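As provided, run-v1.cif (mmCIF, C-alpha atoms) reads as follows.
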data_final
#
loop_
_atom_site.label_atom_id
_atom_site.label_comp_id
_atom_site.auth_asym_id
_atom_site.auth_seq_id
_atom_site.Cartn_x
_atom_site.Cartn_y
_atom_site.Cartn_z
CA MET A 366 0.00 0.00 0.00
CA MET A 367 1.73 3.12 -1.20
CA GLU A 368 0.88 6.72 -0.53
CA PRO A 369 -1.69 7.63 -3.18
CA GLY A 370 -0.56 10.10 -5.81
CA LEU A 371 -0.84 10.96 -9.45
CA TYR A 372 -0.30 7.42 -10.71
CA HIS A 373 -3.08 6.07 -8.55
CA MET A 374 -5.48 8.65 -9.88
CA LEU A 375 -4.41 7.98 -13.47
CA PHE A 376 -4.87 4.24 -12.88
CA ILE A 377 -8.40 4.82 -11.65
CA GLY A 378 -9.08 7.05 -14.66
CA ALA A 379 -7.75 4.46 -17.11
CA ALA A 380 -9.63 1.62 -15.42
CA LEU A 381 -12.89 3.58 -15.52
CA PHE A 382 -12.29 4.42 -19.18
CA PHE A 383 -11.78 0.81 -20.19
CA ILE A 384 -14.68 -0.43 -18.04
CA GLY A 385 -16.76 2.07 -20.00
CA ILE A 386 -15.30 0.82 -23.29
CA TYR A 387 -16.17 -2.76 -22.31
CA GLY A 388 -19.72 -1.78 -21.45
CA PHE A 389 -20.10 0.25 -24.62
CA LEU A 390 -19.00 -2.70 -26.75
CA THR A 391 -21.05 -5.40 -25.02
CA ARG A 392 -24.37 -3.66 -24.43
CA ARG A 393 -27.01 -3.57 -27.14
CA ASN A 394 -29.38 -1.26 -25.33
CA LEU A 395 -29.14 2.48 -26.02
CA ILE A 396 -29.62 3.54 -22.38
CA THR A 397 -26.95 1.19 -21.08
CA MET A 398 -24.60 2.36 -23.81
CA LEU A 399 -25.26 5.91 -22.60
CA MET A 400 -24.36 4.84 -19.07
CA SER A 401 -21.04 3.42 -20.30
CA LEU A 402 -20.43 6.69 -22.11
CA GLU A 403 -20.99 8.53 -18.83
CA LEU A 404 -18.27 6.39 -17.24
CA ILE A 405 -15.88 7.32 -20.06
CA LEU A 406 -16.61 11.05 -19.70
CA ASN A 407 -16.14 10.82 -15.94
CA SER A 408 -12.75 9.20 -16.36
CA VAL A 409 -11.72 12.14 -18.57
CA CYS A 410 -12.84 14.61 -15.90
CA LEU A 411 -10.96 12.66 -13.24
CA ASN A 412 -7.78 12.83 -15.31
CA PHE A 413 -8.11 16.58 -15.80
CA ILE A 414 -8.56 17.13 -12.07
CA ALA A 415 -5.72 14.76 -11.16
CA PHE A 416 -3.26 16.48 -13.49
CA ASN A 417 -4.30 19.82 -12.10
CA ARG A 418 -3.81 18.56 -8.55
CA TYR A 419 -0.47 16.84 -8.97
CA VAL A 420 1.40 18.23 -12.00
CA TRP A 421 0.31 21.64 -13.24
CA THR A 422 -0.86 23.21 -10.04
CA ASP A 423 -0.26 26.76 -11.27
CA ARG A 424 -3.25 26.80 -13.59
CA ALA A 425 -6.91 26.20 -12.90
CA THR A 426 -7.17 24.09 -16.04
CA GLY A 427 -8.69 21.08 -14.31
CA PRO A 428 -11.89 22.53 -12.88
CA SER A 429 -12.40 24.66 -15.97
CA MET A 430 -11.85 21.97 -18.58
CA SER A 431 -13.68 19.29 -16.62
CA ALA A 432 -16.79 21.42 -16.97
CA VAL A 433 -16.69 20.84 -20.73
CA PRO A 434 -17.29 17.05 -20.81
CA ARG A 435 -19.87 17.56 -18.09
CA ILE A 436 -21.98 19.58 -20.48
CA MET B 879 -1.04 3.82 7.40
CA LYS B 880 -2.67 7.20 7.50
CA GLY B 881 -6.42 7.59 7.57
CA GLU B 882 -6.26 9.66 4.39
CA THR B 883 -4.75 6.71 2.52
CA ILE B 884 -7.40 4.31 3.79
CA VAL B 885 -10.12 6.72 2.66
CA PHE B 886 -8.51 6.96 -0.77
CA TYR B 887 -8.44 3.20 -1.24
CA LEU B 888 -12.02 2.87 -0.04
CA LEU B 889 -13.19 5.53 -2.50
CA ALA B 890 -11.22 3.95 -5.34
CA ALA B 891 -12.69 0.53 -4.56
CA LEU B 892 -16.21 1.98 -4.43
CA THR B 893 -15.73 3.73 -7.78
CA LEU B 894 -14.18 0.83 -9.66
CA VAL B 895 -16.27 -2.00 -8.21
CA SER B 896 -19.56 -0.23 -8.79
CA ALA B 897 -18.47 0.79 -12.31
CA ALA B 898 -17.67 -2.85 -13.09
CA MET B 899 -21.02 -3.94 -11.65
CA ALA B 900 -22.78 -1.24 -13.70
CA VAL B 901 -21.48 -2.64 -16.96
CA GLY B 902 -21.75 -6.26 -15.81
CA THR B 903 -25.20 -6.67 -14.32
CA ARG B 904 -28.12 -7.83 -16.41
CA ARG B 905 -30.86 -5.81 -14.74
CA ILE B 906 -31.00 -2.34 -16.24
CA PHE B 907 -32.27 -0.64 -13.10
CA ARG B 908 -29.51 -2.14 -10.97
CA SER B 909 -27.07 -0.96 -13.57
CA ALA B 910 -28.35 2.62 -13.18
CA VAL B 911 -28.05 2.46 -9.39
CA TYR B 912 -24.50 1.07 -9.59
CA LEU B 913 -23.63 3.88 -11.98
CA LEU B 914 -24.98 6.36 -9.43
CA SER B 915 -22.76 4.95 -6.68
CA SER B 916 -19.74 5.00 -8.99
CA LEU B 917 -20.38 8.70 -9.74
CA ILE B 918 -20.65 9.41 -6.01
CA GLY B 919 -17.31 7.64 -5.53
CA ILE B 920 -15.74 9.93 -8.14
CA ALA B 921 -17.18 12.93 -6.30
CA GLY B 922 -15.53 11.57 -3.16
CA LEU B 923 -12.21 11.37 -5.01
CA TYR B 924 -12.60 15.04 -5.97
CA PHE B 925 -13.23 15.87 -2.32
CA TRP B 926 -10.17 13.81 -1.42
CA MET B 927 -8.07 15.92 -3.81
CA ARG B 928 -9.61 19.04 -2.26
CA PHE B 929 -11.40 20.22 -5.36
CA GLU B 930 -14.57 21.09 -3.52
CA PHE B 931 -16.22 22.93 -6.38
CA ALA B 932 -15.65 20.08 -8.85
CA ALA B 933 -16.99 17.61 -6.29
CA ALA B 934 -20.09 19.70 -5.66
CA VAL B 935 -20.73 20.02 -9.40
CA GLN B 936 -20.20 16.27 -9.76
CA ILE B 937 -22.82 15.54 -7.11
CA VAL B 938 -25.32 18.12 -8.39
CA VAL B 939 -24.96 17.39 -12.10
CA TYR B 940 -24.28 13.66 -12.15
CA ALA B 941 -25.77 12.16 -9.00
CA GLY B 942 -28.62 14.65 -8.95
CA GLY B 943 -29.24 15.16 -12.64
CA ILE B 944 -27.98 12.54 -15.02
CA ALA B 945 -28.53 9.49 -12.81
CA VAL B 946 -32.11 10.56 -12.11
CA LEU B 947 -32.62 11.26 -15.81
CA ILE B 948 -31.33 7.78 -16.70
CA ILE B 949 -33.55 6.15 -14.06
CA PHE B 950 -36.58 8.05 -15.39
CA SER B 951 -35.84 7.07 -18.96
CA VAL B 952 -35.41 3.44 -17.84
CA PHE B 953 -38.82 3.50 -16.20
CA LEU B 954 -40.49 5.21 -19.15
CA THR B 955 -39.05 3.14 -21.97
CA GLN B 956 -37.95 -0.26 -20.61
CA ARG B 957 -39.42 -3.01 -18.53
CA ALA B 958 -37.12 -2.46 -15.60
CA GLY B 959 -37.63 -5.81 -13.87
CA ASP B 960 -36.70 -8.01 -16.79
CA ASP B 961 -33.26 -9.40 -17.46
CA MET B 962 -31.51 -7.99 -20.45
CA PRO B 963 -30.42 -10.60 -23.00
CA THR B 964 -26.87 -11.73 -22.48
CA PRO B 965 -24.52 -10.61 -25.23
CA PRO B 966 -23.02 -13.32 -27.43
CA MET B 967 -19.92 -14.99 -26.03
CA LEU B 968 -17.73 -13.86 -28.90
CA ARG B 969 -18.73 -10.23 -28.36
CA THR B 970 -17.99 -10.43 -24.64
CA ILE B 971 -14.58 -11.99 -25.24
CA ALA B 972 -13.70 -9.46 -27.94
CA ALA B 973 -14.78 -6.50 -25.81
CA ALA B 974 -12.93 -7.77 -22.75
CA GLY B 975 -9.85 -8.41 -24.87
CA ALA B 976 -9.99 -4.91 -26.35
CA ALA B 977 -10.44 -3.34 -22.92
CA LEU B 978 -7.66 -5.38 -21.29
CA LEU B 979 -5.28 -4.75 -24.19
CA GLY B 980 -5.95 -1.02 -24.10
CA MET B 981 -5.57 -0.96 -20.32
CA GLY B 982 -2.24 -2.79 -20.60
CA LEU B 983 -0.94 -0.40 -23.24
CA VAL B 984 -1.98 2.63 -21.19
CA MET B 985 -0.41 1.25 -18.03
CA LEU B 986 2.83 0.48 -19.92
CA GLN B 987 2.96 4.08 -21.11
CA LEU B 988 2.06 5.35 -17.67
CA VAL B 989 4.76 3.56 -15.67
CA ALA B 990 7.39 4.46 -18.28
CA HIS B 991 6.59 8.17 -18.28
CA PRO B 992 7.95 10.37 -15.49
CA PHE B 993 5.72 13.32 -14.76
CA PRO B 994 7.27 16.58 -13.60
CA THR B 995 6.71 17.46 -10.00
CA PRO B 996 5.25 20.91 -9.42
CA ALA B 997 7.69 23.58 -8.32
CA VAL B 998 5.31 26.51 -8.20
CA ALA B 999 2.77 27.50 -5.64
CA GLU B 1000 -0.77 26.31 -6.00
CA VAL B 1001 -3.21 28.53 -7.76
CA ASP B 1002 -6.36 29.97 -6.26
CA ARG B 1003 -9.02 27.32 -6.80
CA SER B 1004 -12.01 29.23 -5.51
CA VAL B 1005 -15.21 29.44 -7.50
CA SER B 1006 -14.70 33.07 -8.43
CA ALA B 1007 -11.21 32.30 -9.81
CA ILE B 1008 -12.61 29.46 -11.91
CA GLY B 1009 -15.39 31.69 -13.19
CA ARG B 1010 -12.95 34.43 -14.10
CA ARG B 1011 -10.83 31.95 -16.06
CA MET B 1012 -13.83 30.58 -17.89
CA LEU B 1013 -14.43 33.98 -19.47
CA ALA B 1014 -10.85 35.25 -19.76
CA THR B 1015 -9.36 35.58 -23.22
CA GLY B 1016 -5.70 35.64 -22.24
CA ASP B 1017 -3.12 32.90 -21.90
CA ASP B 1018 -4.89 31.19 -19.03
CA GLY B 1019 -8.45 31.79 -20.19
CA PHE B 1020 -11.10 29.45 -21.49
CA ALA B 1021 -13.38 31.80 -23.39
CA LEU B 1022 -13.19 29.82 -26.64
CA PRO B 1023 -14.12 26.39 -25.18
CA PHE B 1024 -16.85 28.15 -23.22
CA GLU B 1025 -18.37 29.60 -26.38
CA VAL B 1026 -18.00 26.33 -28.30
CA VAL B 1027 -19.89 24.56 -25.51
CA SER B 1028 -22.62 27.19 -25.67
CA LEU B 1029 -22.95 26.49 -29.43
CA LEU B 1030 -23.25 22.77 -28.64
CA LEU B 1031 -25.98 23.46 -26.11
CA LEU B 1032 -27.81 25.66 -28.62
CA ALA B 1033 -27.69 22.83 -31.18
CA ALA B 1034 -29.01 20.39 -28.56
CA MET B 1035 -31.88 22.75 -27.71
CA ILE B 1036 -32.85 23.19 -31.34
CA GLY B 1037 -32.69 19.43 -31.80
CA CYS B 1038 -35.04 18.92 -28.83
CA ILE B 1039 -37.51 21.42 -30.29
CA VAL B 1040 -37.39 19.72 -33.69
CA ILE B 1041 -37.98 16.29 -32.14
CA ALA B 1042 -40.83 17.55 -29.95
CA MET B 1043 -42.47 19.52 -32.78
CA ARG B 1044 -44.12 16.70 -34.69
CA ALA B 1045 -46.42 17.79 -37.49
CA LYS B 1046 -50.05 17.09 -36.67
CA PRO B 1047 -51.58 14.77 -39.26
CA ASN B 1048 -54.78 16.72 -40.07
CA GLN B 1049 -53.39 20.20 -40.15
CA PRO B 1050 -52.71 21.94 -43.43
#

Would you mind writing the structure in this file as structure tokens?
Amino acid sequence: MMEPGLYHMLFIGAALFFIGIYGFLTRRNLITMLMSLELILNSVCLNFIAFNRYVWTDRATGPSMSAVPRI
Amino acid sequence: MKGETIVFYLLAALTLVSAAMAVGTRRIFRSAVYLLSSLIGIAGLYFWMRFEFAAAVQIVVYAGGIAVLIIFSVFLTQRAGDDMPTPPMLRTIAAAGAALLGMGLVMLQLVAHPFPTPAVAEVDRSVSAIGRRMLATGDDGFALPFEVVSLLLLAAMIGCIVIAMRAKPNQP
């Protein structure tokens, strides 16, 4: 158990993205495909916020850009 | 181990396990509820990283808006109690293979890439600072994405009106 940092957040983002990809490819139903798409968009938001928290802390890029996939 | 670390791993487990259940379960309503708990876990991760505004927006927009919208559309269009048909075995294997392969490639890139550690002080992350950046046109501003998103919303609104405005059959 390491101290959580950027890599942990990026791992969660990547895992969410590929769980969403798996759901998007297996489901036939439009609503469940939309749910998988929501997972993918959320992983993108999580990556924006994580980079803003751990790498480029001098810009408020994360909260601003993560509003874009939310809309 | 610090309490902060334990909270992080709990939130990560909540997010990932409920996301996996959301794409794996065969009942569509359960899938929506698992998606809701995964979104709440992501909001918890934002709180853990001390992005309070992003976490609040996540709870209001996703847990309060989109999840409820999905549950309503499930109730209005599907028979929520029935099992969904299982996908064909070949499709499941191919999708799992694609996802695992992509995950492996991303993780290979991730462990090989050193990220720079921040040397500068943290920026003001209050709501007013974010709002000012959303409309600033300078180097650190996001006026162009903001306007592009407003165009997208306008197109979505016009599309809704066009879908809702069916022509009545007996009118000239």

Check your understanding: Interatomic distance between atom CA of A:Leu406 and atom CA of B:Thr883?
Key -> 25.6 Å

Review point. Could you name the residues that touch stretch 933-944 of chain B at 10 Å or less, counting all atoms listed in the file, but leaving out those on the same chain fewer than 5 positions away, as a list in words?
Key: Met400, Glu403, Asn407, Cys410, Pro428, Ser431, Ala432, Arg435 and Ile436 of chain A; Val911, Leu913, Leu914, Ser915, Ser916, Leu917, Ile918, Gly919, Ile920, Ala921, Gly922, Leu923, Tyr924, Phe925, Trp926, Met927, Arg928, Ile949 and Phe950 of chain B

Check your understanding: What does the PyMOL selection byres ((chain A and resi 369-372) around 8) select in this file, as number ranges by chain?
Key -> A: 367-368, 373-376, 415-416, 419; B: 883, 886, 988

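Separating atom CA of B:Ile1036 from atom CA of B:Phe1024 is a distance of 18.6 Å.
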
Practice item. Taking the file as shown, find all residues satisfying the PyMOL selection byres ((chain A and resi 397) around 12) and write them as an MDAnalysis selection string. Key: (chainID A and resid 385:396 398:404) or (chainID B and resid 900:913 945 948:949 951:952 956 962)

Check your understanding: Do you have the atom CA of B:Pro966-atom CA of B:Leu983 distance handy?
Key -> 25.9 Å

Exercise for review: Can you give me, as a list of chain:residue names, the residues this file yields under the PyMOL selection byres ((chain A and resi 420) around 7)?
Suggested key: A:Phe416, A:Asn417, A:Arg418, A:Tyr419, A:Trp421, A:Thr422, B:Pro994, B:Thr995, B:Pro996

Would you mind listing, for every residue of chain B within 7 Å of chain A, the two atoms forming the shortest contact and the distance between them in Å to one decimal, using only C-alpha atoms, sorted by chain and ascending residue number, as CSV?
residue,atom,partner,partner_atom,distance
B:Thr883,CA,A:Glu368,CA,6.4
B:Ala890,CA,A:Ile377,CA,7.0
B:Leu894,CA,A:Leu381,CA,6.6
B:Ala897,CA,A:Ile384,CA,7.0
B:Ala898,CA,A:Ile384,CA,6.3
B:Val901,CA,A:Gly388,CA,4.9
B:Met927,CA,A:Arg418,CA,6.9
B:Ala932,CA,A:Pro428,CA,6.0
B:Pro965,CA,A:Thr391,CA,6.3
B:Arg969,CA,A:Thr391,CA,6.3
B:Thr970,CA,A:Thr391,CA,5.9
B:Ala973,CA,A:Tyr387,CA,5.3
B:Ala974,CA,A:Tyr387,CA,6.0
B:Ala977,CA,A:Phe383,CA,5.1
B:Met981,CA,A:Phe383,CA,6.5
B:Pro994,CA,A:Val420,CA,6.3
B:Thr995,CA,A:Val420,CA,5.7
B:Pro996,CA,A:Val420,CA,5.4
B:Val998,CA,A:Asp423,CA,6.4
B:Ala999,CA,A:Asp423,CA,6.4
B:Glu1000,CA,A:Thr422,CA,5.1
B:Val1001,CA,A:Asp423,CA,4.9
B:Arg1003,CA,A:Ala425,CA,6.6
B:Ile1008,CA,A:Ser429,CA,6.3
B:Met1012,CA,A:Ser429,CA,6.4
B:Val1027,CA,A:Val433,CA,6.9

Grab all the atoms of stretch 411-415 of chain A that the file lists, wrap them in a box along x, y and z, add 5 Å per side, and give me centre plus edge lengths in Å (one decimal) as lines of an AutoDock Vina configuration file.
center_x = -8.3
center_y = 14.9
center_z = -13.5
size_x = 15.2
size_y = 14.5
size_z = 14.6
